[in-house]
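K.L.:
Next comes coords27.txt, compact mmCIF, C-alpha atoms and all ligand atoms:
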```txt
# COMPACT_ATOMS: atom_id res chain seq x y z
CA MET A 6 -51.50 86.48 72.67
CA PRO A 7 -48.40 87.49 70.68
CA GLN A 8 -45.17 86.00 71.93
CA GLU A 9 -41.93 87.98 71.99
CA THR A 10 -38.47 86.43 72.10
CA VAL A 11 -36.34 87.76 74.96
CA GLY A 12 -33.31 85.60 74.13
CA PHE A 13 -31.83 82.14 74.55
CA VAL A 14 -30.38 80.30 77.55
CA ASN A 15 -28.21 77.19 77.85
CA LEU A 16 -30.05 74.11 79.13
CA GLU A 17 -28.70 70.99 80.87
CA TRP A 18 -29.40 67.29 80.78
CA THR A 19 -28.76 64.66 83.46
CA CYS A 20 -26.93 61.49 82.47
CA LYS A 21 -29.08 58.45 83.35
CA ARG A 22 -26.02 56.24 83.80
CA CYS A 23 -23.88 58.31 86.18
CA GLY A 24 -26.18 61.16 87.32
CA SER A 25 -23.83 63.92 86.08
CA LYS A 26 -25.24 67.12 84.69
CA ASN A 27 -24.08 68.09 81.20
CA PRO A 28 -24.47 71.30 79.15
CA GLY A 29 -27.45 71.08 76.78
CA THR A 30 -25.27 71.55 73.72
CA THR A 31 -23.10 68.48 74.49
CA LYS A 32 -24.34 65.11 73.25
CA ILE A 33 -22.07 62.80 75.24
CA CYS A 34 -21.77 62.69 79.06
CA SER A 35 -18.47 64.31 79.99
CA SER A 36 -18.15 61.98 83.01
CA CYS A 37 -18.97 58.52 81.65
CA GLY A 38 -19.19 58.85 77.86
CA ASN A 39 -22.90 57.83 77.76
CA VAL A 40 -24.79 59.18 74.71
CA MET A 41 -27.80 61.45 75.40
CA SER A 42 -30.90 59.54 74.24
CA SER A 43 -34.11 60.93 72.73
CA THR A 44 -35.92 60.25 76.04
CA ASP A 45 -33.43 62.27 78.15
CA LYS A 46 -34.99 65.65 78.83
CA PHE A 47 -33.47 69.10 78.79
CA GLU A 48 -33.74 70.98 82.07
CA LEU A 49 -33.34 74.56 83.24
CA PRO A 50 -29.96 75.24 84.88
CA VAL A 51 -29.81 76.70 88.40
CA GLN A 52 -28.29 79.86 86.96
CA GLN A 53 -29.97 81.09 83.78
CA GLU A 54 -27.98 83.48 81.61
CA LEU A 55 -28.90 84.94 78.22
CA ILE A 56 -26.55 83.61 75.53
CA LYS A 57 -24.50 86.18 73.64
CA ASP A 58 -22.90 83.73 71.15
CA GLU A 59 -24.67 84.38 67.82
CA ALA A 60 -23.60 80.98 66.43
CA VAL A 61 -25.34 79.10 69.29
CA ILE A 62 -28.48 81.24 68.82
CA ALA A 63 -28.44 80.63 65.05
CA LYS A 64 -28.21 76.88 65.63
CA ALA A 65 -31.16 76.96 68.08
CA GLU A 66 -33.22 78.89 65.54
CA ARG A 67 -32.66 76.17 62.93
CA GLY A 68 -34.99 73.92 64.97
CA PRO A 69 -34.86 70.87 67.22
CA ASP A 70 -32.04 68.35 66.94
CA VAL A 71 -32.82 65.06 65.20
CA THR A 72 -32.25 61.55 66.55
CA CYS A 73 -30.32 59.06 64.38
CA LYS A 74 -32.59 56.01 63.94
CA TYR A 75 -29.60 53.66 63.75
CA CYS A 76 -27.48 54.65 66.76
CA GLY A 77 -29.80 57.02 68.68
CA ALA A 78 -27.29 59.89 68.67
CA ARG A 79 -28.41 63.53 68.74
CA ASN A 80 -27.54 65.55 65.63
CA ALA A 81 -28.07 69.18 64.64
CA ALA A 82 -31.30 69.96 62.76
CA ASP A 83 -29.47 70.58 59.48
CA ALA A 84 -26.94 67.69 59.71
CA LYS A 85 -26.95 65.38 56.68
CA ASN A 86 -25.14 62.44 58.27
CA CYS A 87 -24.94 61.15 61.85
CA SER A 88 -21.85 62.43 63.69
CA GLN A 89 -21.68 59.10 65.54
CA CYS A 90 -22.35 56.42 62.88
CA SER A 91 -22.42 58.45 59.62
CA ALA A 92 -25.92 57.14 58.76
CA ASP A 93 -28.14 59.23 56.48
CA LEU A 94 -30.36 61.60 58.58
CA THR A 95 -32.98 62.57 55.95
CA GLU A 96 -35.69 60.56 57.76
CA ALA A 97 -34.45 61.16 61.31
CA ALA A 98 -37.14 62.21 63.82
CA ALA A 99 -36.90 65.65 65.41
CA ARG A 100 -36.64 65.90 69.20
CA LYS A 101 -39.72 67.09 71.06
CA SER A 102 -39.79 70.87 71.49
CA GLY A 103 -42.08 73.61 72.73
CA GLU A 104 -42.41 72.43 76.33
CA VAL A 105 -42.38 75.26 78.89
CA LEU A 106 -39.48 74.50 81.24
CA GLY A 107 -40.13 77.23 83.82
CA ALA A 108 -40.00 80.92 84.57
CA PHE A 109 -36.94 82.82 83.39
CA SER A 110 -34.78 84.63 85.90
CA ASP A 111 -31.21 85.82 85.35
CA GLU A 112 -30.88 86.76 89.03
CA LYS A 113 -27.39 85.83 90.28
CA LYS A 114 -27.49 82.58 92.31
CA PRO A 115 -25.05 82.10 95.21
CA ASP A 116 -21.94 79.96 94.71
CA VAL A 117 -22.32 76.28 95.53
CA LYS A 118 -20.05 74.28 97.83
CA CYS A 119 -18.63 71.05 96.40
CA PRO A 120 -20.01 68.19 98.57
CA TYR A 121 -16.67 66.32 98.22
CA CYS A 122 -13.88 68.88 98.68
CA GLY A 123 -15.75 71.96 99.95
CA GLU A 124 -14.58 74.21 97.08
CA LEU A 125 -16.98 77.09 96.22
CA ASN A 126 -18.07 76.91 92.57
CA PRO A 127 -20.19 79.37 90.56
CA ALA A 128 -23.87 78.36 90.31
CA THR A 129 -23.36 77.73 86.58
CA ALA A 130 -20.66 75.09 87.18
CA LEU A 131 -21.61 71.48 86.48
CA LYS A 132 -18.32 70.09 87.82
CA CYS A 133 -16.12 71.13 90.73
CA SER A 134 -13.19 73.26 89.54
CA LYS A 135 -10.90 71.66 92.16
CA CYS A 136 -11.77 67.93 92.29
CA ALA A 137 -13.87 67.60 89.08
CA ALA A 138 -16.73 65.94 91.03
CA SER A 139 -20.19 66.27 89.51
CA LEU A 140 -22.28 69.02 91.08
CA ALA A 141 -25.50 67.43 89.80
CA GLN A 142 -27.06 66.76 93.20
CA ARG A 143 -27.76 70.44 93.82
CA PRO A 144 -31.38 71.14 94.67
CA ILE A 145 -33.11 72.91 91.82
CA ASP A 146 -35.75 75.42 92.87
CA GLN A 147 -37.00 76.62 89.52
CA PRO A 148 -40.33 78.35 89.94
CA LYS A 149 -42.86 76.99 87.43
CA PRO A 150 -44.99 79.61 85.64
CA ALA A 151 -47.96 80.56 87.77
CA ARG A 152 -51.03 78.53 87.05
CA PRO A 153 -54.53 79.58 88.18
CA ALA A 154 -55.21 77.96 91.55
CA ALA A 155 -57.59 75.07 91.05
CA LEU A 156 -60.15 74.06 93.61
CA THR A 157 -58.76 71.29 95.77
CA GLN A 158 -60.81 68.21 96.48
CA GLY A 159 -61.39 69.46 100.06
CA ASN A 160 -62.64 72.86 98.89
CA ARG A 161 -64.98 71.16 96.48
CA ILE A 162 -66.56 68.92 99.11
CA GLY A 163 -66.93 72.01 101.36
CA LEU A 164 -68.74 73.84 98.57
CA PHE A 165 -71.13 70.92 98.04
CA VAL A 166 -71.93 70.79 101.78
CA VAL A 167 -72.62 74.55 101.90
CA ALA A 168 -74.78 74.35 98.76
CA GLY A 169 -76.67 71.34 100.22
CA VAL A 170 -77.42 73.11 103.51
CA PHE A 171 -78.57 76.19 101.59
CA ILE A 172 -80.94 74.17 99.39
CA VAL A 173 -82.47 72.34 102.39
CA ALA A 174 -82.96 75.66 104.23
CA ALA A 175 -84.64 77.16 101.15
CA LEU A 176 -86.94 74.13 100.82
CA VAL A 177 -87.99 74.31 104.50
CA CYS A 178 -88.74 78.06 104.19
CA GLY A 179 -90.67 77.42 100.97
CA LEU A 180 -92.76 74.65 102.56
CA LEU A 181 -93.56 76.85 105.58
CA LEU A 182 -94.65 79.70 103.31
CA PHE A 183 -96.73 77.47 101.05
CA ARG A 184 -98.52 75.68 103.89
CA THR A 185 -101.59 77.79 104.64
CA SER A 186 -104.48 77.60 107.07
CA ASP A 187 -108.03 78.87 106.57
CA THR A 188 -109.27 81.68 108.80
CA SER A 189 -112.62 83.41 108.86
CA ALA A 190 -112.18 87.18 109.33
CA ALA A 191 -114.02 90.50 109.09
CA VAL A 192 -112.76 93.70 107.38
CA ARG A 193 -111.78 96.18 110.10
CA GLY A 194 -110.72 98.96 107.75
CA VAL A 195 -108.76 99.98 104.64
CA GLN A 196 -105.92 102.38 103.83
CA TRP A 197 -104.77 103.91 100.60
CA GLN A 198 -101.92 106.15 99.51
CA ARG A 199 -101.31 107.83 96.16
CA VAL A 200 -98.09 109.63 95.22
CA ILE A 201 -97.17 111.86 92.27
CA LYS A 202 -93.51 112.76 91.76
CA ILE A 203 -92.52 116.29 90.72
CA MET A 204 -89.60 116.79 88.36
CA GLU A 205 -87.32 119.64 87.39
CA GLN A 206 -84.39 120.07 85.02
CA ARG A 207 -81.27 119.70 87.15
CA PRO A 208 -77.60 119.29 86.30
CA VAL A 209 -76.63 115.58 86.50
CA GLN A 210 -73.03 114.39 86.36
CA HIS A 211 -72.02 111.40 84.25
CA GLN A 212 -68.78 109.77 83.11
CA THR A 213 -68.02 108.20 79.76
CA TRP A 214 -65.42 107.99 76.96
CA ARG A 215 -64.80 111.35 75.31
CA ASP A 216 -66.27 110.25 71.96
CA GLN A 217 -69.51 109.15 73.64
CA ILE A 218 -70.33 112.46 75.31
CA PRO A 219 -73.53 113.95 73.81
CA ALA A 220 -72.98 116.92 71.51
CA ASN A 221 -73.07 120.48 72.92
CA VAL A 222 -72.48 119.38 76.51
CA PRO A 223 -69.66 120.90 78.59
CA VAL A 224 -66.88 118.38 79.27
CA GLY A 225 -65.41 118.20 82.77
CA ALA A 226 -62.19 116.59 84.00
CA CYS A 227 -60.76 113.69 81.99
CA GLU A 228 -58.25 110.96 82.84
CA LEU A 229 -56.50 108.34 80.70
CA LYS A 230 -57.92 104.87 81.24
CA VAL A 231 -57.50 101.48 79.52
CA ARG A 232 -60.31 101.19 77.00
CA SER A 233 -59.37 97.94 75.26
CA THR A 234 -56.64 95.33 75.01
CA GLN A 235 -55.30 94.11 71.70
CA ASP A 236 -52.50 92.09 70.14
CA GLN A 237 -51.32 94.84 67.76
CA PRO A 238 -49.44 97.98 68.76
CA ALA A 239 -51.29 101.30 68.49
CA PRO A 240 -50.18 104.95 68.84
CA ASN A 241 -51.62 105.47 72.34
CA ALA A 242 -51.18 101.92 73.61
CA GLU A 243 -49.02 100.68 76.45
CA LYS A 244 -47.23 97.37 76.07
CA ILE A 245 -47.85 94.97 78.96
CA CYS A 246 -45.82 91.75 79.12
CA GLY A 247 -46.10 88.73 81.37
CA THR A 248 -43.22 87.05 83.23
CA PRO A 249 -40.63 85.70 80.76
CA TYR A 250 -40.45 81.91 80.59
CA THR A 251 -38.15 79.41 78.92
CA VAL A 252 -39.31 77.01 76.21
CA ASP A 253 -37.40 73.88 75.12
CA THR A 254 -36.23 74.29 71.50
CA GLY A 255 -35.01 70.68 71.34
CA SER A 256 -31.47 71.86 70.51
CA GLY A 257 -30.03 72.04 74.04
CA VAL A 258 -30.77 75.74 74.22
CA GLY A 259 -33.95 77.22 75.66
CA LYS A 260 -35.83 80.11 74.08
CA VAL A 261 -36.88 82.78 76.58
CA VAL A 262 -40.19 84.32 75.57
CA GLN A 263 -42.83 86.58 77.05
CA ASP A 264 -46.48 87.08 76.14
CA CYS A 265 -47.31 90.72 75.44
CA GLN A 266 -50.42 92.73 74.73
CA TYR A 267 -51.20 96.36 74.13
CA GLN A 268 -53.52 98.33 76.40
CA VAL A 269 -55.18 101.08 74.39
CA LYS A 270 -55.86 104.15 76.51
CA ASP A 271 -58.46 106.82 75.99
CA ASP A 272 -59.94 109.87 77.72
CA TRP A 273 -62.52 108.97 80.36
CA CYS A 274 -64.37 112.21 81.07
CA ALA A 275 -66.94 113.68 83.37
CA TYR A 276 -69.72 115.75 81.82
CA THR A 277 -72.79 117.48 83.18
CA GLN A 278 -76.11 117.80 81.45
CA GLN A 279 -79.57 119.07 82.39
CA GLU A 280 -81.93 116.19 83.06
CA TRP A 281 -85.43 115.76 84.40
CA THR A 282 -84.86 114.85 88.05
CA VAL A 283 -87.30 114.03 90.85
CA VAL A 284 -87.20 116.99 93.27
CA ASP A 285 -90.37 116.45 95.28
CA SER A 286 -93.54 114.43 95.56
CA VAL A 287 -97.13 115.07 96.63
CA VAL A 288 -98.99 112.47 98.65
CA ALA A 289 -102.67 111.82 99.30
CA LYS A 290 -103.77 109.19 101.80
CA GLY A 291 -106.97 108.06 103.42
CA ALA A 292 -108.81 105.30 105.25
CA ASP A 293 -111.96 105.26 103.13
CA ALA A 294 -113.15 103.53 99.98
CA ASN A 295 -112.68 106.57 97.69
CA PRO A 296 -109.01 107.04 96.85
CA ALA A 297 -108.08 110.24 95.01
CA TRP A 298 -104.92 111.60 93.39
CA PRO A 299 -103.24 114.51 95.20
CA THR A 300 -103.51 118.01 93.70
CA VAL A 301 -100.36 119.01 91.87
CA ASN A 302 -99.36 122.67 91.53
CA LEU A 303 -96.55 122.75 89.01
CA ARG A 304 -94.29 125.70 88.31
CA THR A 305 -93.62 126.40 84.65
CA ASP A 306 -90.20 124.70 84.87
CA GLN A 307 -91.67 121.55 86.47
CA ARG A 308 -93.52 118.51 85.23
CA GLU A 309 -95.23 115.49 86.69
CA GLY A 310 -93.19 112.34 87.19
CA ASP A 311 -94.26 108.78 87.95
CA ARG A 312 -97.42 108.02 89.85
CA SER A 313 -97.67 105.23 92.39
CA GLU A 314 -100.48 103.83 94.52
CA ALA A 315 -100.78 101.40 97.44
CA TYR A 316 -103.86 99.81 99.02
CA VAL A 317 -104.09 97.76 102.23
CA VAL A 318 -107.04 95.88 103.77
CA PHE A 319 -107.06 95.15 107.55
CA PHE A 320 -108.87 92.05 108.83
CA THR A 321 -109.65 90.95 112.35
CA SER A 322 -110.31 87.37 113.46
CA ASP A 323 -110.77 86.31 117.12
CA GLY A 324 -108.60 89.20 118.33
CA LYS A 325 -105.89 88.54 115.71
CA GLU A 326 -105.01 91.13 113.08
CA TYR A 327 -104.20 90.38 109.45
CA GLN A 328 -103.43 92.69 106.58
CA MET A 329 -103.34 92.25 102.82
CA THR A 330 -102.30 94.52 99.97
CA VAL A 331 -104.52 94.77 96.89
CA ALA A 332 -103.60 95.97 93.41
CA ASN A 333 -105.99 98.83 92.70
CA ALA A 334 -108.88 101.00 93.88
CA SER A 335 -111.52 98.79 92.28
CA ASP A 336 -110.24 95.77 94.25
CA LEU A 337 -110.18 97.89 97.42
CA SER A 338 -113.87 98.80 96.99
CA LYS A 339 -114.86 95.09 97.46
CA TYR A 340 -113.60 95.11 101.05
CA VAL A 341 -116.51 96.89 102.75
CA VAL A 342 -115.87 97.44 106.45
CA GLY A 343 -117.63 94.69 108.42
CA SER A 344 -117.89 92.23 105.49
CA ARG A 345 -116.73 88.65 106.21
CA TRP A 346 -113.99 86.83 104.28
CA LYS A 347 -112.36 83.42 104.26
CA LEU A 348 -108.56 84.01 104.38
CA LYS A 349 -105.73 81.65 103.52
CA VAL A 350 -102.90 82.55 105.93
CA ASN A 351 -99.33 81.25 105.65
CA ALA A 352 -97.00 80.24 108.51
CA LEU A 353 -95.64 83.80 108.81
CA GLY A 354 -99.13 85.30 109.23
CA GLY A 355 -99.29 86.71 105.68
CA VAL A 356 -102.64 86.60 103.87
CA VAL A 357 -102.20 84.64 100.64
CA SER A 358 -105.78 85.05 99.37
CA ALA A 359 -109.21 86.20 100.48
CA GLU A 360 -112.55 84.85 99.34
CA ALA A 361 -115.93 86.41 100.20
CA ALA A 362 -117.62 84.29 102.91
CA GLN A 363 -121.09 82.87 101.89
ZN ZN A 401 -22.65 59.89 82.61
ZN ZN A 402 -26.11 57.37 64.14
ZN ZN A 403 -14.70 69.38 94.65
```
As C-alpha cells - that is how I would like this structure written.
Ligand SMILES: [Zn+2]
Ligand SMILES: [Zn+2]
Ligand SMILES: [Zn+2]
P.N.:
Amino acid sequence: MPQETVGFVNLEWTCKRCGSKNPGTTKICSSCGNVMSSTDKFELPVQQELIKDEAVIAKAERGPDVTCKYCGARNAADAKNCSQCSADLTEAAARKSGEVLGAFSDEKKPDVKCPYCGELNPATALKCSKCAASLAQRPIDQPKPARPAALTQGNRIGLFVVAGVFIVAALVCGLLLFRTSDTSAAVRGVQWQRVIKIMEQRPVQHQTWRDQIPANVPVGACELKVRSTQDQPAPNAEKICGTPYTVDTGSGVGKVVQDCQYQVKDDWCAYTQQEWTVVDSVVAKGADANPAWPTVNLRTDQREGDRSEAYVVFFTSDGKEYQMTVANASDLSKYVVGSRWKLKVNALGGVVSAEAAQ
C-alpha cells in the first residue's frame, strides 16, 4: 500500500540515569548531563504537533543519526566528525529507524500539574516552568495502531471443545444411520409422479457493471459503486487513507505517515431482458406400474422446460410401514404388489436396500 507523508513531529527520550524526559533533537540530558546512548529509545510525546521548522524536517529527511563508535555519542547523519570526541564518523553505525511508535493525533491535550509545586504546564512541557522539576512521570496514553484482534488462548480452547462435541455428535448420528437391521416385508403398493415445466419469455431484472450489460438491452437505474481498489490514482477514483501513525526516523523526529489507496468507482446498473422463465407445470401421478408423462398443450409463445420424476415403493411388515424411493420406472416395475423382499432398515426407519426374497 502506498505510504504518504503527513509531516514530522518532535519525539522525546527518557534519561536512564535521572528519569528526565528530553526533546528528541537533544543529545545530552538537560537535567544530569548524561549522553543519550544507542540503546535509549525515542518515544512519542504526550502532545504531538506537526513541525513547521524546515531545517528540522530537512535534517530528519537526511536519515537516522549515527553513533560514534569511540564515545557512543549521537551525531547527525551527515556529520563527518563526532561532536563529542571529534573521532571520524565514516564507519559509524546508523541508529535503528522505521519502528512504528503509535497513532498520530494532534488533538490538544490538557495542561499538566507539576507534582512538586502545582504549577500548570502545557502538555508539551518536559520541565516545570516555575520550579524546573522534570515532568517525566506523566502517564502516557498513546494509542497503538489497531491490530486485528487475535484469538485468545481461552477462545481457542472453547473452539476446540465445540468442534470436539460436534464431531462426536456427527459420529454417533453416522453410526446410528449405518447400523441396519434386516426385515422381511411385502410390497403394499407404489406411487409415481411425473412433472413437465412450462416456460415463457418473461422480463427478468438483473444488475451488473455498465460495460457488462448485454448489447441492445434497455438499461435501468445506475448507481456509483466501488469496483476495484488500487495503489495508483485514477480519474474516477476516491482516495481512502488509514489513520496517520508516527514512525521513528532515528533522528529524534518522527515521520507521520498514512497508508492510502484509491477506490475506483463505476456504474452499477439494473437492466431487464426477456428470458425463458418457468410459468407453470403439468403433473401426472398414479399408483400403478405404468407411469406416463403428462400431456402438454403449449401455446406458440411457450416451450417445455425440465422434466422430473419420482417413484416410491410402500412395504408392510408385521403391521409396520416402510417406504423407499427408486430411481426410474424400470426399477419401479420390479416391485409387484404382494411380492416379498428382504429390507435393510436403518435406526431412523429408512430403507437402505431391498433384495428379492427367495
Ligand atoms: Zn538525566
Ligand atoms: Zn565520539
Ligand atoms: Zn513545578
K.L.:
Taking all atoms listed in the file into account, which of A:Glu243, A:Asp187, A:Glu228, A:Asp306 comes nearest Arg207 (chain A)?
P.N.:
A:Asp306
K.L.:
CA of Tyr340 (chain A) and CA of Thr321 (chain A) are how many Å apart?
P.N.:
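Here the two named atoms are 12.7 Å from each other.
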K.L.:
Check the smallest atom-to-atom distance from each of A:Lys21, A:Ala84, A:Gln89, A:Met6 to ligand ZN 402 (chain A) using all atoms listed in the file, then report the winner.
P.N.:
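Comparing A:Lys21, A:Ala84, A:Gln89, A:Met6 against ligand ZN 402 (chain A), the winner is A:Gln89.
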K.L.:
What residues have any atom no more than 9 Å from ligand ZN 402 (chain A) when counting only C-alpha atoms and all ligand atoms, and can you list them as a VMD selection string?
P.N.:
chain A and resid 72 to 80 86 to 94
K.L.:
Let me have all residues with an atom within 7 Å of ligand ZN 403 (chain A), counting all atoms listed in the file, laid out as an MDAnalysis selection string.
P.N.:
chainID A and resid 119:124 133:138
K.L.:
Please identify every polymer residue within 6 Å of ligand ZN 401 (chain A), using all atoms listed in the file, and present the set as number ranges by chain.
P.N.:
A: 20, 22-23, 25, 34, 36-39
K.L.:
In Å, with one decimal, what is the gap from CA of Lys85 (chain A) to CA of Glu59 (chain A)?
P.N.:
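Going from CA of Lys85 (chain A) over to CA of Glu59 (chain A), I get 22.1 Å.
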K.L.:
Which is closer to Ala130 (chain A) than all the others in A:Asp323, A:Asp111, A:Glu96, A:Glu17, using only C-alpha atoms?
P.N.:
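Smallest separation from Ala130 (chain A) among the options: A:Glu17.
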K.L.:
Could you give me, as a ChimeraX atom specification, the residues within 8 Å of Trp18 (chain A), counting all atoms listed in the file and dropping anything in the same chain fewer than 6 positions from it?
P.N.:
/A:26-29,45-48
K.L.:
Residues of the last selection are to be written out with C-alpha atoms, as a tab-separated table (two decimals), in the coordinates of the input.
P.N.:
```
chain	number	residue	atom	x	y	z
A	26	LYS	CA	-25.24	67.12	84.69
A	27	ASN	CA	-24.08	68.09	81.20
A	28	PRO	CA	-24.47	71.30	79.15
A	29	GLY	CA	-27.45	71.08	76.78
A	45	ASP	CA	-33.43	62.27	78.15
A	46	LYS	CA	-34.99	65.65	78.83
A	47	PHE	CA	-33.47	69.10	78.79
A	48	GLU	CA	-33.74	70.98	82.07
```
K.L.:
How far is it from CA of Pro115 (chain A) to CA of Asp264 (chain A), in Å with one decimal?
P.N.:
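We find that CA of Pro115 (chain A) and CA of Asp264 (chain A) lie 29.1 Å from each other.
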K.L.:
Find the spatial neighbours of Val258 (chain A), counting all atoms listed in the file, within a cut-off of 8 Å - ignore same-chain residues fewer than 4 positions away - and output them as a list in words.
P.N.:
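Near Val258 (chain A), the qualifying residues are Phe13, Val14, Asn15, Leu16, Gly29, Thr30, Ala65, Asp253 and Thr254 of chain A.
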K.L.:
Need to verify the contact set: Arg345 (chain A), 8 Å, all atoms listed in the file, exclusion of same-chain residues closer than 6 positions in sequence. Can you return it as JSON, numbers by chain?
P.N.:
{"A": [189, 190, 191, 192, 361, 362]}
K.L.:
Kindly export the residues of the current selection with C-alpha atoms, as a short mmCIF file (atom, residue, chain, number, x, y, z; two decimals), in the frame of the given file.
P.N.:
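Below is the file that was written, selection-v4.cif:
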```cif
data_model
loop_
_atom_site.label_atom_id
_atom_site.label_comp_id
_atom_site.auth_asym_id
_atom_site.auth_seq_id
_atom_site.Cartn_x
_atom_site.Cartn_y
_atom_site.Cartn_z
CA SER A 189 -112.62 83.41 108.86
CA ALA A 190 -112.18 87.18 109.33
CA ALA A 191 -114.02 90.50 109.09
CA VAL A 192 -112.76 93.70 107.38
CA ALA A 361 -115.93 86.41 100.20
CA ALA A 362 -117.62 84.29 102.91
#
```
K.L.:
Within 7 Å of Val252 (chain A), counting only C-alpha atoms, which residues qualify if same-chain residues fewer than 2 places away don't, as a PDB file with C-alpha atoms, in the coordinates of the input?
P.N.:
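Saved the output as around-v3.pdb:
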```pdb
ATOM      1  CA  GLY A 103     -42.080  73.610  72.730  1.00  0.00           C
ATOM      2  CA  GLU A 104     -42.410  72.430  76.330  1.00  0.00           C
ATOM      3  CA  VAL A 105     -42.380  75.260  78.890  1.00  0.00           C
ATOM      4  CA  LEU A 106     -39.480  74.500  81.240  1.00  0.00           C
ATOM      5  CA  TYR A 250     -40.450  81.910  80.590  1.00  0.00           C
ATOM      6  CA  THR A 254     -36.230  74.290  71.500  1.00  0.00           C
ATOM      7  CA  GLY A 259     -33.950  77.220  75.660  1.00  0.00           C
ATOM      8  CA  LYS A 260     -35.830  80.110  74.080  1.00  0.00           C
ATOM      9  CA  VAL A 261     -36.880  82.780  76.580  1.00  0.00           C
TER      10      VAL A 261
END
```
